[in-house]
$ cat start-v8.cif   # mmCIF, C-alpha atoms
data_final
loop_
_atom_site.label_atom_id
_atom_site.label_comp_id
_atom_site.auth_asym_id
_atom_site.auth_seq_id
_atom_site.Cartn_x
_atom_site.Cartn_y
_atom_site.Cartn_z
CA MET A 1 93.91 125.10 103.91
CA ALA A 2 96.21 127.67 105.55
CA LEU A 3 99.39 125.74 104.68
CA GLY A 4 98.51 125.25 101.01
CA ARG A 5 100.75 128.14 99.96
CA HIS A 6 103.29 127.82 102.77
CA SER A 7 106.32 127.08 100.59
CA ASP A 8 108.67 126.16 103.46
CA PHE A 9 106.20 123.69 104.96
CA ASN A 10 105.51 122.18 101.55
CA ARG A 11 109.24 121.63 101.05
CA LEU A 12 109.46 119.92 104.45
CA TRP A 13 106.35 117.88 103.70
CA PHE A 14 107.72 116.73 100.35
CA GLY A 15 111.07 115.73 101.85
CA GLN A 16 109.43 113.82 104.68
CA THR A 17 106.98 112.07 102.36
CA VAL A 18 109.84 110.74 100.22
CA SER A 19 111.86 109.82 103.32
CA ASN A 20 108.91 107.93 104.86
CA PHE A 21 108.65 105.72 101.79
CA GLY A 22 112.37 105.04 101.98
CA ASP A 23 112.08 104.06 105.64
CA LYS A 24 109.64 101.29 104.74
CA ILE A 25 112.13 99.89 102.23
CA SER A 26 114.91 99.55 104.80
CA LEU A 27 112.48 98.28 107.43
CA LEU A 28 112.06 95.22 105.21
CA ALA A 29 115.39 95.20 103.38
CA LEU A 30 117.74 95.14 106.41
CA PRO A 31 116.13 92.03 107.99
CA THR A 32 115.94 90.42 104.54
CA LEU A 33 119.65 91.04 104.03
CA ALA A 34 120.36 89.59 107.48
CA VAL A 35 118.27 86.44 106.97
CA VAL A 36 118.63 85.66 103.26
CA PHE A 37 122.21 86.72 102.55
CA LEU A 38 123.90 86.49 105.98
CA ASP A 39 122.11 83.37 107.31
CA GLY A 40 120.72 85.24 110.30
CA GLY A 41 117.76 84.06 112.35
CA ALA A 42 115.21 85.32 114.84
CA PHE A 43 117.88 86.65 117.22
CA GLU A 44 119.55 88.76 114.55
CA VAL A 45 116.21 90.16 113.36
CA GLY A 46 115.28 90.88 116.98
CA VAL A 47 118.49 92.84 117.50
CA LEU A 48 117.78 94.89 114.38
CA GLY A 49 114.30 95.63 115.71
CA ALA A 50 115.66 96.66 119.11
CA LEU A 51 118.09 99.05 117.47
CA ARG A 52 115.07 100.99 116.14
CA PHE A 53 113.73 101.73 119.65
CA LEU A 54 116.75 101.83 121.95
CA PRO A 55 118.24 105.09 120.61
CA PHE A 56 114.98 106.91 121.38
CA LEU A 57 114.87 105.41 124.84
CA LEU A 58 118.50 106.27 125.63
CA LEU A 59 119.27 109.39 123.59
CA ALA A 60 116.04 111.36 123.14
CA PRO A 61 116.58 113.62 126.22
CA ILE A 62 120.12 114.43 124.99
CA ALA A 63 118.76 115.05 121.48
CA GLY A 64 116.24 117.44 123.03
CA LEU A 65 118.99 119.36 124.82
CA VAL A 66 120.92 119.67 121.55
CA ALA A 67 117.77 120.83 119.73
CA ASP A 68 117.31 123.62 122.27
CA ARG A 69 120.95 124.74 122.08
CA VAL A 70 121.71 124.76 118.35
CA SER A 71 119.84 125.22 115.07
CA ARG A 72 117.22 122.48 114.76
CA ARG A 73 117.33 122.71 110.98
CA THR A 74 121.10 122.12 111.08
CA VAL A 75 120.64 119.04 113.29
CA MET A 76 118.12 117.67 110.79
CA ILE A 77 120.45 118.31 107.83
CA VAL A 78 123.39 116.59 109.57
CA ALA A 79 121.14 113.65 110.52
CA ASP A 80 119.93 113.23 106.93
CA LEU A 81 123.49 113.40 105.59
CA GLY A 82 124.65 110.86 108.17
CA ARG A 83 121.84 108.44 107.36
CA PHE A 84 122.56 108.77 103.64
CA VAL A 85 126.23 107.91 104.18
CA ALA A 86 125.54 105.08 106.67
CA LEU A 87 122.99 103.32 104.47
CA GLY A 88 125.14 103.92 101.39
CA THR A 89 127.90 101.74 102.87
CA ILE A 90 125.66 98.65 102.63
CA PRO A 91 125.41 98.39 98.81
CA LEU A 92 129.09 99.40 98.57
CA ALA A 93 130.14 96.59 100.92
CA PHE A 94 127.79 94.19 99.12
CA ALA A 95 129.40 95.06 95.78
CA LEU A 96 132.82 94.36 97.32
CA ASP A 97 131.52 91.11 98.83
CA SER A 98 132.46 92.31 102.32
CA VAL A 99 129.08 92.93 104.00
CA SER A 100 128.74 91.29 107.42
CA MET A 101 126.19 91.08 110.24
CA THR A 102 128.34 93.37 112.36
CA HIS A 103 128.28 95.93 109.56
CA VAL A 104 124.48 95.70 109.32
CA TYR A 105 124.18 96.13 113.11
CA ILE A 106 126.40 99.23 113.03
CA VAL A 107 124.40 100.77 110.20
CA ALA A 108 121.12 100.07 112.02
CA ALA A 109 122.50 101.59 115.25
CA VAL A 110 123.89 104.69 113.53
CA THR A 111 120.70 105.35 111.58
CA GLY A 112 118.66 104.77 114.73
CA CYS A 113 120.70 107.34 116.67
CA LEU A 114 120.56 109.89 113.85
CA THR A 115 116.82 109.33 113.46
CA THR A 116 116.39 110.12 117.16
CA PHE A 117 118.13 113.48 116.76
CA PHE A 118 116.21 114.21 113.55
CA GLU A 119 112.77 113.43 115.01
CA VAL A 120 113.26 115.44 118.20
CA SER A 121 114.52 118.48 116.26
CA TYR A 122 111.79 118.09 113.65
CA GLN A 123 108.98 117.97 116.22
CA SER A 124 110.53 120.93 118.03
CA TRP A 125 110.99 123.01 114.89
CA LEU A 126 107.54 122.55 113.34
CA PRO A 127 105.63 124.95 115.67
CA GLN A 128 108.08 127.73 114.86
CA LEU A 129 108.03 126.97 111.14
CA ILE A 130 104.25 127.05 110.67
CA GLY A 131 102.84 128.67 113.84
CA THR A 132 100.81 127.01 116.57
CA GLU A 133 97.53 127.89 114.86
CA ASN A 134 98.48 125.60 111.93
CA LEU A 135 99.80 122.64 113.92
CA ILE A 136 96.80 120.35 113.50
CA GLU A 137 96.77 120.88 109.74
CA GLY A 138 100.55 120.41 109.51
CA ASN A 139 100.66 117.29 111.68
CA THR A 140 97.65 115.88 109.81
CA LYS A 141 99.37 116.24 106.45
CA LEU A 142 102.57 114.72 107.79
CA GLN A 143 100.61 111.85 109.38
CA ILE A 144 98.84 111.19 106.07
CA SER A 145 102.25 110.87 104.40
CA ARG A 146 103.38 108.41 107.05
CA SER A 147 100.15 106.45 106.72
CA VAL A 148 100.35 106.24 102.94
CA ALA A 149 103.97 105.11 103.25
CA GLU A 150 102.84 102.46 105.75
CA ALA A 151 100.13 101.24 103.38
CA VAL A 152 102.10 101.35 100.14
CA GLY A 153 105.77 101.50 101.12
CA ALA A 154 106.09 97.95 102.45
CA GLY A 155 104.61 96.49 99.27
CA ALA A 156 106.77 98.69 97.07
CA GLY A 157 109.79 97.77 99.19
CA GLY A 158 109.06 94.08 98.72
CA ALA A 159 108.84 94.53 94.97
CA LEU A 160 112.12 96.47 94.92
CA ILE A 161 113.87 93.81 97.00
CA GLN A 162 112.51 91.11 94.69
CA THR A 163 113.69 93.01 91.62
CA LEU A 164 116.93 94.64 92.73
CA GLY A 165 117.96 92.65 95.79
CA ALA A 166 118.03 93.85 99.40
CA ALA A 167 121.34 95.72 99.21
CA ARG A 168 120.40 97.71 96.11
CA ALA A 169 116.96 98.41 97.56
CA ILE A 170 118.68 99.99 100.57
CA THR A 171 120.39 102.32 98.10
CA MET A 172 116.93 103.69 97.26
CA ASP A 173 116.30 104.45 100.94
CA ALA A 174 119.68 106.17 101.21
CA PHE A 175 118.78 108.50 98.36
CA THR A 176 115.45 109.40 99.99
CA PHE A 177 117.45 110.93 102.85
CA LEU A 178 119.34 112.94 100.25
CA VAL A 179 116.01 114.24 98.92
CA SER A 180 114.99 115.20 102.47
CA LEU A 181 118.34 116.95 102.96
CA VAL A 182 117.93 119.01 99.80
CA ALA A 183 114.38 119.94 100.83
CA LEU A 184 115.72 121.23 104.16
CA LEU A 185 118.50 123.18 102.46
CA VAL A 186 116.04 125.16 100.33
CA ILE A 187 113.77 126.05 103.27
CA ARG A 188 114.20 129.76 103.92
CA HIS A 189 112.99 129.85 107.53
CA ARG A 190 115.69 129.98 110.19
CA ASP A 191 115.53 129.26 113.92
CA THR A 192 114.88 132.21 116.18
CA ARG A 193 115.77 131.96 119.85
CA GLU A 194 115.09 134.15 122.80
CA ARG A 195 117.90 133.01 125.06
CA THR A 196 119.28 135.25 127.78
CA GLU A 197 122.67 134.86 129.41
CA GLU A 198 121.04 133.51 132.57
CA LYS A 199 119.46 130.70 130.58
CA LYS A 200 122.82 129.46 129.25
CA ALA A 201 123.13 127.07 132.15
CA SER A 202 124.76 123.67 132.34
CA ALA A 203 123.33 120.77 130.41
CA LYS A 204 122.13 119.20 133.65
CA ALA A 205 120.34 122.39 134.70
CA GLU A 206 118.69 122.74 131.31
CA LEU A 207 117.49 119.14 131.38
CA ARG A 208 115.97 119.78 134.81
CA GLU A 209 114.26 122.89 133.44
CA GLY A 210 112.69 120.83 130.66
CA MET A 211 111.52 118.22 133.16
CA ARG A 212 109.95 120.93 135.34
CA THR A 213 108.06 122.25 132.32
CA LEU A 214 106.84 118.81 131.28
CA PHE A 215 105.67 117.75 134.72
CA GLY A 216 104.82 121.18 136.11
CA ASN A 217 102.36 122.17 133.40
CA PRO A 218 99.11 120.23 134.07
CA VAL A 219 98.25 120.03 130.35
CA LEU A 220 101.66 118.62 129.40
CA ARG A 221 101.69 116.32 132.41
CA GLY A 222 98.27 114.95 131.54
CA LEU A 223 99.17 114.42 127.88
CA PHE A 224 102.44 112.73 128.85
CA THR A 225 100.75 110.32 131.26
CA ALA A 226 97.94 109.45 128.86
CA ASN A 227 100.26 109.01 125.88
CA VAL A 228 102.64 106.68 127.73
CA VAL A 229 99.82 104.50 129.09
CA VAL A 230 97.92 104.42 125.77
CA ASN A 231 101.08 103.46 123.87
CA LEU A 232 101.87 100.77 126.43
CA GLY A 233 98.44 99.20 125.97
CA ALA A 234 98.43 99.61 122.19
CA ALA A 235 101.86 97.99 121.85
CA MET A 236 100.64 95.05 123.93
CA GLY A 237 97.60 94.74 121.67
CA ASP A 238 99.64 95.00 118.47
CA ALA A 239 102.01 92.29 119.68
CA LEU A 240 99.04 89.92 120.10
CA LEU A 241 96.92 90.83 117.07
CA ILE A 242 98.95 89.08 114.42
CA VAL A 243 99.43 85.99 116.61
CA TYR A 244 95.66 85.85 117.24
CA ALA A 245 94.97 86.11 113.50
CA TYR A 246 97.24 83.16 112.70
CA LYS A 247 96.86 80.91 115.74
CA THR A 248 93.19 81.39 116.67
CA LEU A 249 91.50 82.47 113.44
CA HIS A 250 93.82 80.31 111.30
CA LEU A 251 94.02 82.97 108.61
CA SER A 252 96.43 82.80 105.71
CA PRO A 253 99.26 85.35 105.28
CA GLY A 254 97.27 86.88 102.42
CA GLN A 255 94.23 87.40 104.65
CA VAL A 256 96.32 88.87 107.47
CA GLY A 257 97.99 91.20 104.98
CA ALA A 258 94.58 92.26 103.67
CA ALA A 259 93.32 93.00 107.20
CA PHE A 260 96.35 95.16 107.95
CA ALA A 261 96.03 96.88 104.58
CA VAL A 262 92.43 97.81 105.45
CA MET A 263 93.66 99.19 108.77
CA SER A 264 96.27 101.29 106.93
CA VAL A 265 93.58 102.72 104.67
CA PHE A 266 91.47 103.71 107.67
CA VAL A 267 94.54 105.26 109.30
CA ILE A 268 94.65 107.61 106.32
CA VAL A 269 90.90 108.30 106.59
CA GLY A 270 91.23 109.00 110.31
CA ALA A 271 94.10 111.40 109.71
CA VAL A 272 92.18 113.26 107.00
CA LEU A 273 89.09 113.65 109.19
CA SER A 274 90.88 114.35 112.48
CA GLU A 275 90.42 118.12 112.41
CA GLN A 276 86.74 117.87 111.46
CA VAL A 277 86.09 115.48 114.35
CA THR A 278 87.54 117.93 116.87
CA LYS A 279 85.27 120.67 115.55
CA VAL A 280 82.29 118.48 116.37
CA LEU A 281 83.46 116.96 119.66
CA SER A 282 86.10 119.46 120.91
CA LEU A 283 89.82 118.68 121.14
CA GLY A 284 89.78 117.32 124.70
CA ARG A 285 86.79 115.06 124.17
CA THR A 286 88.30 113.72 120.95
CA LEU A 287 91.47 112.68 122.79
CA VAL A 288 89.51 110.84 125.49
CA LEU A 289 87.08 109.19 123.07
CA THR A 290 89.70 108.00 120.55
CA ALA A 291 91.78 106.36 123.30
CA VAL A 292 88.70 104.63 124.74
CA VAL A 293 87.57 103.40 121.31
CA LEU A 294 91.10 102.20 120.52
CA GLY A 295 91.19 100.15 123.73
CA ALA A 296 87.71 98.80 123.08
CA GLY A 297 88.90 97.69 119.64
CA TYR A 298 91.56 95.41 121.14
CA ILE A 299 89.03 93.96 123.59
CA LEU A 300 86.57 93.29 120.75
CA VAL A 301 89.07 91.52 118.49
CA PRO A 302 88.17 88.07 119.89
CA THR A 303 84.45 88.88 119.64
CA GLY A 304 84.74 90.05 116.06
CA GLY A 305 86.84 87.02 115.18
CA ALA A 306 84.45 84.58 116.87
CA VAL A 307 81.35 86.08 115.23
CA ALA A 308 82.59 86.78 111.74
CA GLY A 309 86.15 85.45 111.51
CA PHE A 310 88.15 87.24 108.83
CA VAL A 311 85.44 89.86 108.22
CA GLY A 312 85.16 90.54 111.95
CA LEU A 313 88.90 91.09 112.20
CA ILE A 314 88.78 93.52 109.28
CA VAL A 315 85.99 95.55 110.92
CA VAL A 316 87.85 95.81 114.22
CA GLN A 317 91.10 96.67 112.41
CA ALA A 318 89.29 99.43 110.54
CA VAL A 319 88.08 100.94 113.83
CA ILE A 320 91.56 100.74 115.37
CA GLY A 321 93.08 102.31 112.27
CA PHE A 322 90.51 105.12 112.20
CA VAL A 323 91.01 106.37 115.77
CA SER A 324 94.78 105.84 116.19
CA PRO A 325 95.99 108.77 114.05
CA MET A 326 93.45 111.15 115.61
CA PHE A 327 94.88 110.53 119.07
CA ASP A 328 98.50 110.82 117.85
CA ILE A 329 97.94 113.97 115.80
CA HIS A 330 96.16 115.89 118.53
CA VAL A 331 98.48 114.84 121.36
CA LEU A 332 101.50 115.97 119.34
CA SER A 333 99.85 119.20 118.20
CA LEU A 334 98.74 120.14 121.70
CA VAL A 335 102.18 119.43 123.18
CA GLN A 336 103.75 121.61 120.50
CA GLY A 337 101.13 124.29 121.00
CA VAL A 338 101.57 124.79 124.76
CA THR A 339 105.32 124.22 125.16
CA PRO A 340 107.60 127.29 125.16
CA ASN A 341 109.72 127.29 122.00
CA GLU A 342 113.04 127.48 123.85
CA GLN A 343 112.19 124.28 125.76
CA MET A 344 110.50 122.35 122.95
CA GLY A 345 113.47 120.07 122.30
CA ARG A 346 113.92 119.01 125.93
CA VAL A 347 110.19 118.45 126.46
CA SER A 348 109.89 116.44 123.22
CA GLY A 349 113.03 114.45 123.94
CA THR A 350 111.95 113.43 127.42
CA ALA A 351 108.45 112.56 126.22
CA LEU A 352 109.70 110.53 123.23
CA SER A 353 112.09 108.60 125.45
CA ALA A 354 109.23 107.56 127.73
CA VAL A 355 106.85 106.80 124.85
CA TYR A 356 109.36 104.57 123.06
CA GLY A 357 110.19 102.94 126.36
CA ALA A 358 106.49 102.19 126.78
CA LEU A 359 106.37 100.72 123.26
CA SER A 360 109.33 98.45 123.98
CA LEU A 361 107.84 97.33 127.30
CA GLY A 362 104.41 96.91 125.73
CA TYR A 363 105.60 94.56 122.98
CA PHE A 364 107.47 92.47 125.53
CA ALA A 365 104.58 92.45 128.04
CA GLY A 366 102.04 91.61 125.33
CA GLY A 367 104.01 88.57 124.28
CA ALA A 368 104.45 87.46 127.88
CA LEU A 369 100.73 87.89 128.63
CA GLY A 370 99.77 85.94 125.54
CA GLU A 371 101.90 83.04 126.75
CA THR A 372 100.64 83.09 130.35
CA ILE A 373 96.92 83.99 130.23
CA GLY A 374 96.17 83.37 126.56
CA LEU A 375 95.60 85.61 123.56
CA THR A 376 92.02 86.57 124.44
CA GLY A 377 92.93 87.51 128.00
CA GLY A 378 96.04 89.35 126.81
CA LEU A 379 94.04 91.42 124.32
CA ALA A 380 91.53 92.26 127.06
CA VAL A 381 94.30 93.49 129.36
CA ALA A 382 95.88 95.49 126.53
CA GLY A 383 92.55 97.12 125.72
CA ALA A 384 91.84 97.90 129.38
CA ILE A 385 95.23 99.60 129.81
CA THR A 386 94.64 101.68 126.66
CA ILE A 387 91.21 102.77 127.92
CA ILE A 388 92.65 103.69 131.32
CA GLY A 389 95.25 105.83 129.54
CA GLY A 390 92.49 107.80 127.81
CA LEU A 391 90.44 108.13 131.00
CA THR A 392 93.39 109.66 132.89
CA LEU A 393 92.75 112.79 130.81
CA LEU A 394 89.46 113.27 132.67
CA THR A 395 91.36 113.94 135.91
CA GLY A 396 93.02 117.10 134.58
CA PRO A 397 92.36 120.08 132.33
CA VAL A 398 93.03 118.33 128.99
CA ALA A 399 89.52 116.87 128.61
CA LYS A 400 88.08 120.39 128.89
CA ILE A 401 90.17 121.91 126.10
CA LYS A 402 87.95 123.00 123.25
CA GLU A 403 90.45 123.80 120.50
CA MET A 404 94.13 124.27 119.74
CA PRO A 405 95.75 127.38 121.19
CA GLY A 406 96.52 130.13 118.71
CA GLY A 407 99.43 132.51 118.75
CA ASP A 408 102.62 132.14 120.74
CA ALA A 409 103.37 129.45 123.27
CA PRO A 410 103.15 130.49 126.90
CA GLU A 411 106.06 132.15 128.59
CA ASP A 412 105.59 130.18 131.81
CA GLY A 413 105.41 126.48 130.95
CA ALA A 414 104.81 125.58 134.57
CA ALA A 415 101.83 127.81 135.11
CA ALA A 416 99.02 126.23 137.12
CA ALA A 417 95.93 125.10 135.26
CA ASP A 418 92.90 127.29 135.41
CA THR A 419 90.04 124.84 135.06
CA ALA A 420 87.31 127.43 135.07
CA ALA A 421 85.42 128.18 131.86
CA GLY A 422 86.98 130.60 129.40
CA GLU A 423 90.64 130.98 128.38
CA ARG A 424 93.51 129.08 129.97
CA SER A 425 96.72 130.93 130.74
CA ASP A 426 98.43 128.86 128.00
CA GLY A 427 95.93 129.97 125.38
CA ALA A 428 93.98 126.72 125.02
CA LYS A 429 90.24 127.35 125.14
CA ILE A 430 88.35 125.06 127.48
CA ILE A 431 84.75 124.08 128.02
CA ALA A 432 82.91 124.82 131.23
#

$ encode --input "start-v8.cif" --output "structure tokens"
Amino acid sequence: MALGRHSDFNRLWFGQTVSNFGDKISLLALPTLAVVFLDGGAFEVGVLGALRFLPFLLLAPIAGLVADRVSRRTVMIVADLGRFVALGTIPLAFALDSVSMTHVYIVAAVTGCLTTFFEVSYQSWLPQLIGTENLIEGNTKLQISRSVAEAVGAGAGGALIQTLGAARAITMDAFTFLVSLVALLVIRHRDTRERTEEKKASAKAELREGMRTLFGNPVLRGLFTANVVVNLGAAMGDALLIVYAYKTLHLSPGQVGAAFAVMSVFVIVGAVLSEQVTKVLSLGRTLVLTAVVLGAGYILVPTGGAVAGFVGLIVVQAVIGFVSPMFDIHVLSLVQGVTPNEQMGRVSGTALSAVYGALSLGYFAGGALGETIGLTGGLAVAGAITIIGGLTLLTGPVAKIKEMPGGDAPEDGAAAADTAAGERSDGAKIIA
């Protein structure tokens, strides 16, 4: 692997792996603290959940502008330090017997905002750190870390909460941000910018420039559209899956946990094999096929459940888990590969805002559909929307892309697509 001896990437990877595990602790510990120690209910837990998504929806474009104006590594360091301090106030207040729901809300909001700035800068910085030719490998390794944290972190977090209590468990998450901060501090690579005086325009003008790049480049526009629609459908499906497992299949919490654990394992497998799959199918075809299979998985959940119950659900969950990371890894890598470095923050920020908005809308719409047309019908609609998202790629140049572009990102992010066989102007090889 090309990144095996890339010391700066390995430092980033290590810091993010530790941080991802910490995230899963707080994801469980904050609601536990709210419900068990502060007598909160569904509303309070819902507010905490909303505070995870709203900062991306509201602040990601601003975070992108900041990432394009100042050192992205510095933004990430400040965000890690801020999250360490914010989370560290919880166990301190708990020790002083002064923790309150308002305090928990503020901590959740602050960490959500800082996470938005960190993620936008991190996604914008990675292509420069490792080079576009290594993006699939880099994003695959980082996705594997997230997937392992998803599979193992929640269980480990539960054990820590049981042993130490929710407030002390949050201390562990706070220190994972400190580990990430130290990893960033020892990275030797520094941002390089090619900014002319003419480009130092107003914030409004720069945001417009990023929007023109995102929607003017047919590859980026196609990826943006597909990603938003796919995430909308997938969020609708995810909102209904667990309800279907309990209400229709009458599974126990242990069985539902086992089904989701199997899905997490196959997420890791899918991430590991993602690059090999594109070598067989091509990058563009992989994106279309994984989205279609993901949507078909949601549609087949009722069939699998009706035919084989618990086992059927596990099989469908395995399929969903296998294809999901492939789509995510290659969308992100391709966006990073074709976006000019000086506009990466604004493009990523705008895209993340829309994607998280789609997730929020999808969870709400999935629940509403389940109540109005039933769980089976709701899952069918969710799957159909996901499939449509993948099929939108067939209308543009993305489906014809053979492999990741190598070398530098294009100078003109708004260049028109050349859909003939050969090399695109942005460096991505396409199939005739």

$ resolve_selection --input "start-v8.cif" --expression "the PyMOL selection byres ((chain A and resi 67) around 8)" --output "VMD selection string"
chain A and resid 63 to 66 68 to 72 75 117 120 to 121 124 345 to 346

$ atom_distance --input "start-v8.cif" --atom1 "atom CA of Ala50 of chain A" --atom2 "atom CA of Phe14 of chain A"
28.6 Å

$ closest_residue --input "start-v8.cif" --among "A:Thr392, A:Ser360, A:Ser26, A:Ser19" --to "Val229 of chain A" --atoms "all atoms listed in the file"
A:Thr392

$ atom_distance --input "start-v8.cif" --atom1 "atom CA of Val267 of chain A" --atom2 "atom CA of Leu294 of chain A"
12.1 Å

$ closest_residue --input "start-v8.cif" --among "A:Gly362, A:Gly309, A:Gly222, A:Gly337" --to "Val398 of chain A" --atoms "all atoms listed in the file"
A:Gly222

$ residues_near_point --input "start-v8.cif" --point "(96.4, 97.6, 131.4)" --cutoff "10 Å" --atoms "all atoms listed in the file" --output "ChimeraX atom specification"
/A:229-230,232-234,236,295,362,378-389

$ atom_distance --input "start-v8.cif" --atom1 "atom CA of Gln16 of chain A" --atom2 "atom CA of Leu142 of chain A"
7.6 Å

$ residues_around --input "start-v8.cif" --residues "Thr140 of chain A" --least-positions-apart "4" --cutoff "12 Å" --atoms "all atoms listed in the file" --output "count of residues only"
29

$ resolve_selection --input "start-v8.cif" --expression "the PyMOL selection byres ((chain A and resi 316) around 10)" --output "ChimeraX atom specification"
/A:259,263,294,296-305,311-315,317-322

$ residues_near_point --input "start-v8.cif" --point "(98.6, 113.0, 135.0)" --cutoff "12 Å" --atoms "all atoms listed in the file" --output "PyMOL selection string"
chain A and resi 214-229+388-399

$ write_last_selection --input "start-v8.cif" --atoms "C-alpha atoms" --output "short mmCIF file (atom, residue, chain, number, x, y, z; two decimals), in the frame of the given file"
data_model
loop_
_atom_site.label_atom_id
_atom_site.label_comp_id
_atom_site.auth_asym_id
_atom_site.auth_seq_id
_atom_site.Cartn_x
_atom_site.Cartn_y
_atom_site.Cartn_z
CA LEU A 214 106.84 118.81 131.28
CA PHE A 215 105.67 117.75 134.72
CA GLY A 216 104.82 121.18 136.11
CA ASN A 217 102.36 122.17 133.40
CA PRO A 218 99.11 120.23 134.07
CA VAL A 219 98.25 120.03 130.35
CA LEU A 220 101.66 118.62 129.40
CA ARG A 221 101.69 116.32 132.41
CA GLY A 222 98.27 114.95 131.54
CA LEU A 223 99.17 114.42 127.88
CA PHE A 224 102.44 112.73 128.85
CA THR A 225 100.75 110.32 131.26
CA ALA A 226 97.94 109.45 128.86
CA ASN A 227 100.26 109.01 125.88
CA VAL A 228 102.64 106.68 127.73
CA VAL A 229 99.82 104.50 129.09
CA ILE A 388 92.65 103.69 131.32
CA GLY A 389 95.25 105.83 129.54
CA GLY A 390 92.49 107.80 127.81
CA LEU A 391 90.44 108.13 131.00
CA THR A 392 93.39 109.66 132.89
CA LEU A 393 92.75 112.79 130.81
CA LEU A 394 89.46 113.27 132.67
CA THR A 395 91.36 113.94 135.91
CA GLY A 396 93.02 117.10 134.58
CA PRO A 397 92.36 120.08 132.33
CA VAL A 398 93.03 118.33 128.99
CA ALA A 399 89.52 116.87 128.61
#

$ resolve_selection --input "start-v8.cif" --expression "the PyMOL selection byres ((chain A and resi 101) around 12)" --output "PyMOL selection string"
chain A and resi 30-41+43-45+47-48+90+93-94+98-100+102-108

$ write_last_selection --input "start-v8.cif" --atoms "C-alpha atoms" --output "mmCIF file, in the coordinates of the input"
data_model
loop_
_atom_site.group_PDB
_atom_site.id
_atom_site.type_symbol
_atom_site.label_atom_id
_atom_site.label_comp_id
_atom_site.auth_asym_id
_atom_site.auth_seq_id
_atom_site.Cartn_x
_atom_site.Cartn_y
_atom_site.Cartn_z
ATOM 1 C CA LEU A 30 117.740 95.140 106.410
ATOM 2 C CA PRO A 31 116.130 92.030 107.990
ATOM 3 C CA THR A 32 115.940 90.420 104.540
ATOM 4 C CA LEU A 33 119.650 91.040 104.030
ATOM 5 C CA ALA A 34 120.360 89.590 107.480
ATOM 6 C CA VAL A 35 118.270 86.440 106.970
ATOM 7 C CA VAL A 36 118.630 85.660 103.260
ATOM 8 C CA PHE A 37 122.210 86.720 102.550
ATOM 9 C CA LEU A 38 123.900 86.490 105.980
ATOM 10 C CA ASP A 39 122.110 83.370 107.310
ATOM 11 C CA GLY A 40 120.720 85.240 110.300
ATOM 12 C CA GLY A 41 117.760 84.060 112.350
ATOM 13 C CA PHE A 43 117.880 86.650 117.220
ATOM 14 C CA GLU A 44 119.550 88.760 114.550
ATOM 15 C CA VAL A 45 116.210 90.160 113.360
ATOM 16 C CA VAL A 47 118.490 92.840 117.500
ATOM 17 C CA LEU A 48 117.780 94.890 114.380
ATOM 18 C CA ILE A 90 125.660 98.650 102.630
ATOM 19 C CA ALA A 93 130.140 96.590 100.920
ATOM 20 C CA PHE A 94 127.790 94.190 99.120
ATOM 21 C CA SER A 98 132.460 92.310 102.320
ATOM 22 C CA VAL A 99 129.080 92.930 104.000
ATOM 23 C CA SER A 100 128.740 91.290 107.420
ATOM 24 C CA THR A 102 128.340 93.370 112.360
ATOM 25 C CA HIS A 103 128.280 95.930 109.560
ATOM 26 C CA VAL A 104 124.480 95.700 109.320
ATOM 27 C CA TYR A 105 124.180 96.130 113.110
ATOM 28 C CA ILE A 106 126.400 99.230 113.030
ATOM 29 C CA VAL A 107 124.400 100.770 110.200
ATOM 30 C CA ALA A 108 121.120 100.070 112.020
#

$ closest_residue --input "start-v8.cif" --among "A:Lys24, A:Arg83, A:Arg212, A:His6" --to "Thr339 of chain A" --atoms "only C-alpha atoms"
A:Arg212

$ closest_residue --input "start-v8.cif" --among "A:Tyr363, A:Phe84, A:Trp125, A:Phe21" --to "His189 of chain A" --atoms "all atoms listed in the file"
A:Trp125

$ closest_residue --input "start-v8.cif" --among "A:Lys279, A:Arg190, A:Arg285, A:Lys402" --to "Gln128 of chain A" --atoms "all atoms listed in the file"
A:Arg190

$ closest_residue --input "start-v8.cif" --among "A:Phe118, A:Phe9, A:Tyr246, A:Phe260" --to "Pro55 of chain A" --atoms "only C-alpha atoms"
A:Phe118

$ decode --input "start-v8.cif" --residues "segment 181-185 of chain A" --atoms "N, CA, C and O atoms" --output "CSV table (one decimal), in the first residue's frame"
chain,number,residue,atom,x,y,z
A,181,LEU,N,-5.4,15.7,18.8
A,181,LEU,CA,-4.7,17.0,18.8
A,181,LEU,C,-3.2,16.8,18.7
A,181,LEU,O,-2.5,17.4,17.9
A,182,VAL,N,-2.7,15.9,19.6
A,182,VAL,CA,-1.2,15.7,19.6
A,182,VAL,C,-0.8,15.1,18.3
A,182,VAL,O,0.3,15.4,17.7
A,183,ALA,N,-1.6,14.2,17.7
A,183,ALA,CA,-1.3,13.6,16.4
A,183,ALA,C,-1.2,14.6,15.3
A,183,ALA,O,-0.3,14.6,14.5
A,184,LEU,N,-2.1,15.6,15.4
A,184,LEU,CA,-2.0,16.7,14.4
A,184,LEU,C,-0.8,17.6,14.6
A,184,LEU,O,-0.2,18.1,13.6
A,185,LEU,N,-0.4,17.8,15.9
A,185,LEU,CA,0.7,18.7,16.2
A,185,LEU,C,2.0,18.1,15.6
A,185,LEU,O,2.9,18.9,15.2
